[in-house]
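Visitor: Sending over final_12.txt (compact mmCIF, C-alpha atoms).
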```
# COMPACT_ATOMS: atom_id res chain seq x y z
CA MET A 154 0.00 0.00 0.00
CA PHE A 155 0.96 3.66 -0.31
CA LEU A 156 0.89 4.78 3.32
CA GLY A 157 -0.11 8.40 3.81
CA ASN A 158 -1.52 8.52 0.30
CA TYR A 159 -4.51 7.57 -1.82
CA ASN A 160 -4.91 3.94 -2.91
CA ASP A 161 -7.24 2.24 -5.38
CA CYS A 162 -8.92 -0.56 -3.41
CA ILE A 163 -11.42 -3.39 -3.85
CA VAL A 164 -13.97 -4.18 -1.13
CA LEU A 165 -13.50 -7.78 0.06
CA GLU A 166 -16.10 -8.24 2.81
CA GLU A 167 -18.45 -6.42 5.15
CA LEU A 168 -18.04 -6.76 8.91
CA PRO A 169 -19.91 -5.27 11.89
CA GLN A 170 -17.15 -2.66 12.30
CA GLY A 171 -16.92 -1.78 8.61
CA PHE A 172 -15.33 -3.22 5.48
CA TYR A 173 -12.11 -5.01 4.70
CA VAL A 174 -10.60 -3.67 1.50
CA GLU A 175 -7.61 -4.85 -0.50
CA THR A 176 -5.23 -2.59 -2.36
CA GLN A 177 -5.26 -3.34 -6.07
CA ASN A 178 -1.81 -4.86 -6.01
CA GLY A 179 -3.44 -7.63 -3.96
CA LYS A 180 -0.91 -7.50 -1.13
CA ASP A 181 -2.54 -5.47 1.63
CA ARG A 182 -5.82 -5.77 3.53
CA VAL A 183 -7.02 -2.68 5.40
CA LEU A 184 -10.09 -1.88 7.50
CA LEU A 185 -12.42 0.88 6.30
CA PRO A 186 -14.56 1.79 9.37
CA GLY A 187 -18.28 1.82 8.71
CA SER A 188 -18.50 5.48 9.80
CA LYS A 189 -16.17 6.42 6.91
CA ALA A 190 -17.78 4.22 4.24
CA PRO A 191 -20.37 5.27 1.64
CA LYS A 192 -23.86 4.00 2.53
CA ASP A 193 -24.23 1.88 -0.61
CA LEU A 194 -20.76 0.28 -0.48
CA LYS A 195 -20.69 -3.49 -0.99
CA PRO A 196 -18.16 -6.31 -1.61
CA GLY A 197 -16.67 -6.18 -5.09
CA ASP A 198 -16.86 -2.40 -5.36
CA GLU A 199 -13.79 -0.41 -6.32
CA ILE A 200 -13.04 2.68 -4.26
CA ASN A 201 -10.22 5.17 -3.83
CA LEU A 202 -9.23 5.54 -0.17
CA PHE A 203 -6.65 7.39 1.89
CA ILE A 204 -4.60 5.02 4.09
CA TYR A 205 -2.83 6.16 7.24
CA LEU A 206 -2.04 4.81 10.73
CA ASP A 207 -4.42 4.84 13.69
CA ASN A 208 -3.37 5.53 17.30
CA GLU A 209 -2.02 1.97 17.60
CA ALA A 210 0.04 2.30 14.41
CA ARG A 211 -2.30 0.03 12.42
CA PRO A 212 -3.12 0.91 8.80
CA ILE A 213 -6.64 2.21 8.41
CA ALA A 214 -8.56 3.51 5.41
CA THR A 215 -10.85 6.51 5.11
CA THR A 216 -12.89 8.43 2.56
CA GLN A 217 -11.82 11.68 4.22
CA LYS A 218 -9.61 13.93 2.10
CA ALA A 219 -6.18 14.68 3.49
CA LYS A 220 -4.81 18.18 2.93
CA ALA A 221 -1.49 16.69 1.81
CA CYS A 222 0.23 13.34 1.34
CA VAL A 223 3.52 11.77 2.41
CA ASP A 224 6.52 13.24 0.53
CA GLU A 225 4.74 16.57 -0.04
CA PHE A 226 5.16 20.07 1.36
CA ALA A 227 2.07 21.43 3.09
CA VAL A 228 0.75 24.48 4.94
CA LEU A 229 -1.06 23.17 8.03
CA LYS A 230 -2.63 24.77 11.10
CA VAL A 231 -1.64 23.88 14.66
CA LYS A 232 -4.59 22.33 16.53
CA ASP A 233 -2.84 21.68 19.82
CA VAL A 234 0.56 21.67 21.54
CA ASN A 235 1.71 19.37 24.37
CA ASN A 236 4.97 18.09 25.85
CA VAL A 237 5.65 15.95 22.76
CA GLY A 238 5.20 18.55 20.06
CA ALA A 239 2.56 20.26 17.96
CA PHE A 240 -0.41 18.50 16.39
CA LEU A 241 -1.43 19.61 12.92
CA ASP A 242 -4.79 19.50 11.19
CA TRP A 243 -4.43 17.64 7.90
CA GLY A 244 -8.12 16.95 7.33
CA LEU A 245 -8.36 13.53 9.03
CA ASP A 246 -9.66 12.38 12.41
CA LYS A 247 -6.08 11.76 13.56
CA ASP A 248 -3.83 14.81 13.58
CA LEU A 249 -0.23 14.87 12.34
CA ILE A 250 2.62 15.20 14.83
CA LEU A 251 5.29 17.88 14.47
CA PRO A 252 7.89 16.89 17.11
CA PHE A 253 9.67 19.64 19.01
CA ASN A 254 13.04 18.64 17.51
CA ASN A 255 11.63 19.19 14.02
CA GLN A 256 10.34 22.70 14.75
CA LEU A 257 12.06 25.96 13.81
CA GLY A 258 10.53 28.00 16.65
CA ASP A 259 7.80 28.06 19.26
CA LEU A 260 4.37 27.22 17.86
CA GLN A 261 1.02 28.11 19.37
CA LYS A 262 -2.49 26.83 18.71
CA GLY A 263 -3.82 28.44 15.52
CA ASP A 264 -0.40 29.10 13.98
CA ALA A 265 0.24 28.13 10.37
CA CYS A 266 3.42 26.22 9.57
CA VAL A 267 5.01 24.89 6.40
CA VAL A 268 6.09 21.27 6.77
CA ARG A 269 7.29 18.24 4.86
CA ILE A 270 5.32 15.06 5.52
CA PHE A 271 7.39 11.88 5.72
CA ILE A 272 7.48 8.37 7.17
CA ASP A 273 9.85 8.14 10.11
CA GLU A 274 12.38 5.37 9.41
CA LYS A 275 12.69 4.31 13.05
CA SER A 276 9.04 4.17 14.09
CA GLY A 277 7.35 3.66 10.71
CA ARG A 278 4.87 6.39 11.66
CA ILE A 279 3.87 9.39 9.59
CA SER A 280 5.53 12.56 10.86
CA THR A 281 6.38 16.11 9.80
CA THR A 282 9.24 18.59 9.96
CA GLU A 283 9.72 22.32 9.46
CA LYS A 284 13.37 21.68 8.58
CA LEU A 285 12.84 21.57 4.84
CA ARG A 286 16.28 22.06 3.29
CA ARG A 287 17.10 18.38 2.67
CA TYR A 288 13.84 17.80 0.79
CA PHE A 289 14.16 20.41 -1.95
CA ASP A 290 15.02 19.34 -5.49
CA ARG A 291 18.58 20.37 -6.40
CA GLU A 292 17.97 19.84 -10.12
CA ILE A 293 16.77 23.28 -11.26
CA SER A 294 17.32 23.15 -15.03
CA GLU A 295 13.54 23.40 -15.61
CA LEU A 296 13.49 26.90 -14.12
CA LYS A 297 14.22 29.95 -16.28
CA GLU A 298 14.78 33.59 -15.44
CA GLY A 299 11.54 35.56 -15.69
CA MET A 300 9.37 32.43 -15.23
CA GLU A 301 6.16 32.85 -13.24
CA VAL A 302 5.99 30.45 -10.27
CA SER A 303 3.81 29.70 -7.26
CA LEU A 304 5.36 30.50 -3.88
CA VAL A 305 4.76 29.61 -0.23
CA ALA A 306 6.65 31.57 2.44
CA TYR A 307 8.29 29.22 4.95
CA ASP A 308 11.13 31.11 6.67
CA PHE A 309 11.81 34.76 7.45
CA GLN A 310 15.30 36.15 7.96
CA GLU A 311 14.83 39.31 10.03
CA GLU A 312 15.22 42.47 7.90
CA ARG A 313 17.00 40.47 5.21
CA CYS A 314 14.93 38.05 3.16
CA ILE A 315 12.14 35.51 2.91
CA ASP A 316 12.62 31.89 1.84
CA PHE A 317 9.90 30.29 -0.27
CA VAL A 318 8.87 26.86 -1.51
CA ILE A 319 8.71 27.14 -5.31
CA ASN A 320 6.06 25.09 -7.16
CA LYS A 321 6.00 22.60 -4.24
CA ARG A 322 9.45 21.40 -5.30
CA TRP A 323 12.32 23.91 -5.07
CA THR A 324 13.40 26.67 -2.73
CA GLY A 325 14.24 30.29 -3.52
CA ARG A 326 14.95 33.53 -1.70
CA LEU A 327 13.46 37.00 -1.92
CA TYR A 328 15.90 39.68 -0.74
CA CYS A 329 13.79 42.32 0.99
CA ASP A 330 12.53 43.69 4.28
CA PRO A 331 9.96 40.97 5.11
CA VAL A 332 7.63 43.48 6.80
CA SER A 333 7.31 45.46 3.55
CA THR A 334 5.75 42.49 1.74
CA GLY A 335 2.84 41.96 4.12
CA LEU A 336 3.47 38.22 3.98
CA ARG A 337 3.46 35.71 6.84
CA ILE A 338 4.61 32.12 7.23
CA GLY A 339 2.35 29.89 5.15
CA ASP A 340 1.13 32.63 2.82
CA SER A 341 0.92 31.80 -0.88
CA CYS A 342 1.55 34.20 -3.74
CA THR A 343 2.71 34.41 -7.33
CA GLY A 344 6.36 35.18 -7.92
CA TYR A 345 9.02 35.27 -10.64
CA ILE A 346 12.50 33.83 -11.05
CA HIS A 347 14.87 36.80 -10.88
CA SER A 348 18.17 34.97 -11.28
CA ILE A 349 19.63 31.47 -11.06
CA LYS A 350 23.05 30.15 -10.06
CA GLU A 351 22.82 26.56 -11.23
CA GLU A 352 26.17 25.43 -9.86
CA GLU A 353 24.97 26.34 -6.35
CA SER A 354 21.26 25.68 -6.91
CA LEU A 355 20.56 29.24 -5.73
CA ILE A 356 17.38 30.92 -6.94
CA ALA A 357 16.65 34.61 -6.37
CA LEU A 358 13.01 35.65 -6.55
CA SER A 359 10.89 38.68 -7.33
CA LEU A 360 7.26 39.34 -6.46
CA SER A 361 6.84 41.47 -9.60
CA PRO A 362 7.29 40.47 -13.25
CA ILE A 363 10.88 40.86 -14.36
CA GLY A 364 11.28 44.15 -16.21
CA PHE A 365 9.00 47.14 -15.91
CA ASN A 366 7.17 46.51 -19.19
CA ALA A 367 6.24 43.03 -17.96
CA LEU A 368 4.89 44.56 -14.74
CA VAL A 369 2.71 47.02 -16.66
CA ASP A 370 1.46 44.35 -19.08
CA LYS A 371 0.46 42.01 -16.27
CA HIS A 372 -1.31 44.41 -13.91
CA LYS A 373 -2.48 47.41 -15.94
CA ASP A 374 -5.73 45.86 -17.17
CA SER A 375 -6.71 44.50 -13.75
CA LEU A 376 -6.08 47.89 -12.11
CA LEU A 377 -8.17 49.78 -14.68
CA LYS A 378 -10.92 47.18 -14.39
CA ALA A 379 -11.00 47.64 -10.61
CA LEU A 380 -11.26 51.41 -11.09
CA LYS A 381 -14.18 51.06 -13.51
CA GLU A 382 -15.99 48.75 -11.09
CA ASN A 383 -15.61 51.36 -8.31
CA ASN A 384 -16.80 54.48 -10.17
CA GLY A 385 -13.30 55.44 -11.20
CA PHE A 386 -11.77 55.74 -7.71
CA LEU A 387 -9.76 53.46 -5.40
CA PRO A 388 -8.62 54.53 -1.91
CA PHE A 389 -5.00 53.34 -2.24
CA SER A 390 -2.04 55.67 -1.82
CA ASP A 391 1.44 55.94 -0.27
CA ASP A 392 -0.23 55.46 3.13
CA SER A 393 -1.73 52.08 2.19
CA SER A 394 -0.10 49.08 3.82
CA PRO A 395 1.75 46.41 1.83
CA GLU A 396 -0.86 43.91 3.07
CA GLU A 397 -3.72 45.97 1.55
CA ILE A 398 -1.91 46.33 -1.77
CA ARG A 399 -1.08 42.64 -2.06
CA LYS A 400 -4.56 41.51 -1.01
CA ASN A 401 -6.30 43.72 -3.57
CA PHE A 402 -3.86 43.70 -6.49
CA GLY A 403 -1.60 40.68 -6.05
CA MET A 404 1.58 42.76 -6.25
CA SER A 405 4.09 44.44 -3.98
CA LYS A 406 3.58 48.01 -2.82
CA LYS A 407 6.74 49.01 -4.68
CA GLY A 408 5.41 47.51 -7.90
CA PHE A 409 2.00 49.14 -7.37
CA LYS A 410 3.59 52.56 -6.96
CA LYS A 411 5.64 52.07 -10.14
CA LEU A 412 2.55 51.09 -12.11
CA ALA A 413 0.43 53.95 -10.77
CA GLY A 414 3.25 56.42 -11.51
CA LYS A 415 3.56 55.13 -15.07
CA LEU A 416 -0.18 55.50 -15.69
CA TRP A 417 -0.11 58.99 -14.14
CA LYS A 418 2.65 60.04 -16.55
CA GLN A 419 0.50 58.70 -19.40
CA GLY A 420 -2.39 60.91 -18.26
CA ILE A 421 -4.59 57.94 -17.39
CA LEU A 422 -4.66 58.30 -13.59
CA ASP A 423 -4.70 61.15 -11.10
CA LEU A 424 -2.83 60.49 -7.83
CA SER A 425 -3.70 62.09 -4.49
CA PRO A 426 -3.24 61.38 -0.76
CA GLU A 427 -6.81 60.02 -0.78
CA GLY A 428 -6.25 57.51 -3.57
CA ILE A 429 -6.12 57.06 -7.34
CA ARG A 430 -8.71 58.26 -9.85
CA TYR A 431 -9.26 57.31 -13.48
CA ILE A 432 -9.10 60.58 -15.45
CA ASN A 433 -10.77 59.31 -18.62
CA GLN A 434 -14.53 59.16 -18.51
CA ILE A 435 -15.84 55.75 -17.42
```
Could you render the structure from this file as structure tokens?

Guide:
Amino acid sequence: MFLGNYNDCIVLEELPQGFYVETQNGKDRVLLPGSKAPKDLKPGDEINLFIYLDNEARPIATTQKAKACVDEFAVLKVKDVNNVGAFLDWGLDKDLILPFNNQLGDLQKGDACVVRIFIDEKSGRISTTEKLRRYFDREISELKEGMEVSLVAYDFQEERCIDFVINKRWTGRLYCDPVSTGLRIGDSCTGYIHSIKEEESLIALSLSPIGFNALVDKHKDSLLKALKENNGFLPFSDDSSPEEIRKNFGMSKKGFKKLAGKLWKQGILDLSPEGIRYINQI
């Protein structure tokens, strides 16, 4: 079976406590509790199930959908913390453990953390870690400068930079004041490959398209559309926070100011301390 993952199974028999199912390779029998089985399930049916370990380390199947699988990166919320570690919500009845020795800092209930899910070699149990470096792909030839990528922030270096998971596979770094971005651990955003040093597998990132023309091309239409939908005025200015800018426009405050300034020079927008106004009649 693929532990901590989805498996195609065949229902073998029905029991008072549920159903025994067999993975389609014919090698593993697993219990699907009746409370997690479809009402019309019967022997001979084929069904896709998630298989994990119960509190006694026995494989068990479920129709619940896990938020991530073994050998994947995931953003998960802390449900509880005790003297063993933090327990993470991954969508199943049984929470995932994040042991203290695999944490990067103190975690509290409700915090988001970015982890790698893996099977512990010693115990055979499913576990997690915030220490991600060893799991990133070092082969980066698929990445090109200027490429648009999906990012998840996983580590902040105070007043220096933010480290991101790239496309759920690589790691890269944004050199900036982290506060200016409005991002927090676990936040997702779109980014761009700024530069690559293949011999060192180092990837520098940007939150704006590479080159000013690319920035204008990507965001100009969406900004003008937002203005038209709000009677030609938006209350965003130099006093707006980076969080507000990113939430509403999907770009950094620096990039937003560059775009607004460009459109002002073109006579399209009027800029004031109160916000931006579309000059042309809407």

Visitor: Taking (3.8, 19.5, 24.9) as a centre in this file's frame and 12 Å as the limit, can you find every polymer residue with an atom that close, using only C-alpha atoms, and give them as a list of chain:residue names?

Guide: A:Asp233, A:Val234, A:Asn235, A:Asn236, A:Val237, A:Gly238, A:Ala239, A:Phe240, A:Ile250, A:Leu251, A:Pro252, A:Phe253, A:Asn254, A:Asp259, A:Leu260, A:Gln261, A:Lys262

Visitor: For range 373-379 of chain A, list every protein, DNA or RNA residue within 9 Å, evaluated using all atoms listed in the file, and leave out those in the same chain fewer than 4 positions away; present the list as a list in words.

Guide: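 Near neighbours after the sequence-gap exclusion: Leu368, Val369, Asn383, Asn384, Gly385, Phe386, Leu387, Phe402, Leu412, Ala413, Leu416 and Tyr431 of chain A.
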
Visitor: Generate a file of the selected residues that holds C-alpha atoms, formatted as a CSV table (one decimal), in the coordinates of the input.

Guide:
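Output saved as selection.csv:
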```csv
chain,number,residue,atom,x,y,z
A,368,LEU,CA,4.9,44.6,-14.7
A,369,VAL,CA,2.7,47.0,-16.7
A,383,ASN,CA,-15.6,51.4,-8.3
A,384,ASN,CA,-16.8,54.5,-10.2
A,385,GLY,CA,-13.3,55.4,-11.2
A,386,PHE,CA,-11.8,55.7,-7.7
A,387,LEU,CA,-9.8,53.5,-5.4
A,402,PHE,CA,-3.9,43.7,-6.5
A,412,LEU,CA,2.6,51.1,-12.1
A,413,ALA,CA,0.4,54.0,-10.8
A,416,LEU,CA,-0.2,55.5,-15.7
A,431,TYR,CA,-9.3,57.3,-13.5
```

Visitor: Calculate how many Å separate CA of Ser354 in chain A from CA of Gly325 in chain A, rounding to one decimal.

Guide: 9.1 Å

Visitor: Can you tell me which residues surround Arg287 in chain A at a distance of at most 12 Å, considering only C-alpha atoms, apart from same-chain residues fewer than 6 positions away, and format the answer as a PDB file with C-alpha atoms, in the coordinates of the input?

Guide:
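Okay, this is what ended up in part.pdb:
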```
ATOM      1  CA  ASP A 224       6.520  13.240   0.530  1.00  0.00           C
ATOM      2  CA  ARG A 269       7.290  18.240   4.860  1.00  0.00           C
ATOM      3  CA  ARG A 322       9.450  21.400  -5.300  1.00  0.00           C
ATOM      4  CA  TRP A 323      12.320  23.910  -5.070  1.00  0.00           C
ATOM      5  CA  THR A 324      13.400  26.670  -2.730  1.00  0.00           C
TER       6      THR A 324
END
```

Visitor: Tell me, in Å to one decimal, how far CA of Glu351 in chain A is from CA of Leu285 in chain A.

Guide: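 Spanning CA of Glu351 in chain A to CA of Leu285 in chain A is a straight-line distance of 19.6 Å.
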
Visitor: Just how far from CA of Ile432 in chain A is CA of Glu382 in chain A, in Å to one decimal?

Guide: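 So the two atoms, CA of Glu382 in chain A and CA of Ile432 in chain A, lie 14.4 Å apart.
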
Visitor: When distances are computed from all atoms listed in the file, which of A:Lys418, A:Lys321, A:Lys400, A:Lys220 shows the smallest separation from Leu336 in chain A?

Guide: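 Closest to Leu336 in chain A of all the choices is A:Lys400.
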
Visitor: Of the candidates A:Asn320, A:Ser394, A:Gln177, A:Ser341, which shows the shortest atom-to-atom distance to Phe289 in chain A, using all atoms listed in the file?

Guide: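 The closest residue to Phe289 in chain A is A:Asn320.
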
Visitor: Within 12 Å of Thr281 in chain A, counting only C-alpha atoms, which residues qualify if same-chain residues fewer than 2 places away don't, as a ChimeraX atom specification?

Guide: /A:157,221-229,238-243,248-256,266-273,278-279,283-285,288

Visitor: I'd like to know which of A:Cys329, A:Ile429, A:Met404, A:Ile349 is closest to Ser361 in chain A, using only C-alpha atoms.

Guide: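 Answer, going by the shortest atom-to-atom distance: A:Met404.
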